[in-house]
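Right, one structure below, let's go through it.
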Amino acid sequence: MATPNAHPVCRFPVPKLEDLPADIREQIEAVEEKSGFIPNVFIALARRPDEFRAFFAYHDALMEKPGNLTKAEREMIVVATSAANQCQYCVIAHGAILRIRAKNPLIAEQIAANYRKADITPRQRSMLDFAMKVAQKSYEIGEGDFAELGKHGLAEEDAWDIAAISAFFGMSNRMANVMSMRTNDEFYMLGR
């Protein structure tokens with residue numbers, strides 16, 4: 001097992017916590033208090049404060065709001081699309097969050113490897129089919145895709161949420177890969 005701090009957070013320089021603007025430092029400290037560690041994405045993105053604020057504002061707007069999609073289902077979208085985008089950071093970090101939110105220690109690996117074989121409901125499969133199409137072939141989205149979601153009780157607003165999560169994490173996956181962002185060791189055992 002790697003020793004703490006044996007690897008850099010990412011390929012770009014990261015700021016020291018004490019050098020960050022107060023609002024960002026307070027947000028990071030709140031996350032650390034809640035989780036017991038600082039996820040590397042916070043430190044990596046903090047190097048650009050305006051982008052940090054915009055990123056986490058949109059992240060929270062998508063992932064923390066109430067709605068027809070559960071928080072676990074939102075994490076399923078992240079894990080499935082991040083696996084398709086080969087984003088190690090997001091698969092592992094959001095896989096941990098998914099295990100916790102779904103109260104299922106197996107679900108993240110099942111979805112990351114092949115969501116079509118995972119122990120999920122037909123509704124969730126439809127949701128992930130749509131999310132993957134957004135991630136890989138959004139130009140092919142048509143009325144039939146919305147109709148398929150509707151068969152499973154997923155409305156227009158749900159389609160928007162699925163698409164927005166898939167698209168947002170497509171950007172996040174690409175940046176994490178470019179940055180060579182390292183996953184915190186703590187994520188590997190969460191929810192097991």
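Residues are referred to by chain and number: the chain letter is A, B, ... according to the order shown in the structure tokens, the number counts from 1 in that chain, and ligands are numbered separately from 1 in the order shown.
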Proximity check segment 85-183 of chain A to segment 41-62 of chain A, 10 Å, nearest pairs one decimal Å, only C-alpha atoms, as a Markdown table:
| residue | atom | partner | partner_atom | distance |
| --- | --- | --- | --- | --- |
| A:Tyr89 | CA | A:Val41 | CA | 8.7 |
| A:Cys90 | CA | A:Val41 | CA | 9.4 |
| A:Ala93 | CA | A:Val41 | CA | 9.6 |
| A:Asp161 | CA | A:Leu62 | CA | 7.0 |
| A:Ile162 | CA | A:Leu62 | CA | 9.2 |
| A:Ala164 | CA | A:Leu62 | CA | 7.4 |
| A:Ile165 | CA | A:Leu62 | CA | 6.4 |
| A:Phe168 | CA | A:His59 | CA | 7.8 |
| A:Phe169 | CA | A:His59 | CA | 8.9 |
| A:Ser172 | CA | A:Phe55 | CA | 8.8 |
| A:Met175 | CA | A:Leu45 | CA | 9.7 |
| A:Ala176 | CA | A:Val41 | CA | 8.1 |
| A:Met179 | CA | A:Ala44 | CA | 8.3 |
| A:Met181 | CA | A:Val41 | CA | 7.3 |
| A:Arg182 | CA | A:Val41 | CA | 8.5 |
| A:Thr183 | CA | A:Val41 | CA | 8.4 |
Keeping only C-alpha atoms, write the selected residues as a CSV table (one decimal), in the first residue's frame.
chain,number,residue,atom,x,y,z
A,89,TYR,CA,-10.1,9.4,-10.2
A,90,CYS,CA,-13.9,9.8,-10.7
A,93,ALA,CA,-13.9,8.5,-5.7
A,161,ASP,CA,-30.6,16.0,-14.9
A,162,ILE,CA,-29.2,12.8,-16.4
A,164,ALA,CA,-26.4,17.5,-17.2
A,165,ILE,CA,-24.6,15.1,-14.9
A,168,PHE,CA,-20.6,17.9,-16.5
A,169,PHE,CA,-18.6,14.8,-15.5
A,172,SER,CA,-14.5,16.7,-15.1
A,175,MET,CA,-9.6,17.6,-16.7
A,176,ALA,CA,-8.8,14.9,-14.1
A,179,MET,CA,-4.1,16.7,-14.6
A,181,MET,CA,-5.2,13.6,-10.6
A,182,ARG,CA,-4.4,11.0,-8.0
A,183,THR,CA,-7.2,9.3,-6.1
Enumerate, in order of chain and increasing residue number, the residues of segment 88-135 of chain A with an atom no farther than 12 Å from segment 144-150 of chain A, each with its shortest atom pair and distance in Å to one decimal, counting only C-alpha atoms, as a tab-separated table.
residue	atom	partner	partner_atom	distance
A:Pro122	CA	A:Leu149	CA	10.2
A:Arg123	CA	A:Leu149	CA	7.7
A:Gln124	CA	A:Leu149	CA	9.6
A:Arg125	CA	A:Leu149	CA	9.7
A:Ser126	CA	A:Leu149	CA	6.1
A:Met127	CA	A:Leu149	CA	6.7
A:Leu128	CA	A:Leu149	CA	10.0
A:Asp129	CA	A:Asp145	CA	8.9
A:Phe130	CA	A:Asp145	CA	6.8
A:Ala131	CA	A:Asp145	CA	10.4
A:Met132	CA	A:Asp145	CA	11.5
A:Lys133	CA	A:Asp145	CA	9.1
A:Val134	CA	A:Asp145	CA	10.3
- Give the answer as one residue: which of A:Ala135, A:Ala96, A:Val178, A:Met76 has the shortest atom-to-atom distance to Ile111 of chain A, using only C-alpha atoms? A:Met76
- Item | Leu106 of chain A environment, 10 Å, only C-alpha atoms, sequence neighbours closer than 3 positions dropped, as a ChimeraX atom specification | /A:95,98-99,102-103,109-111,118-119,191-192
- Using only C-alpha atoms, the best pick from A:Cys10, A:Met189, A:Lys137, A:Ser166 as closest to Glu75 of chain A would be A:Ser166
- Note on the structure: If you count only C-alpha atoms, the residue of A:Ala163, A:Ala112, A:Ile107, A:Ile38 closest to Gln86 of chain A turns out to be A:Ala112
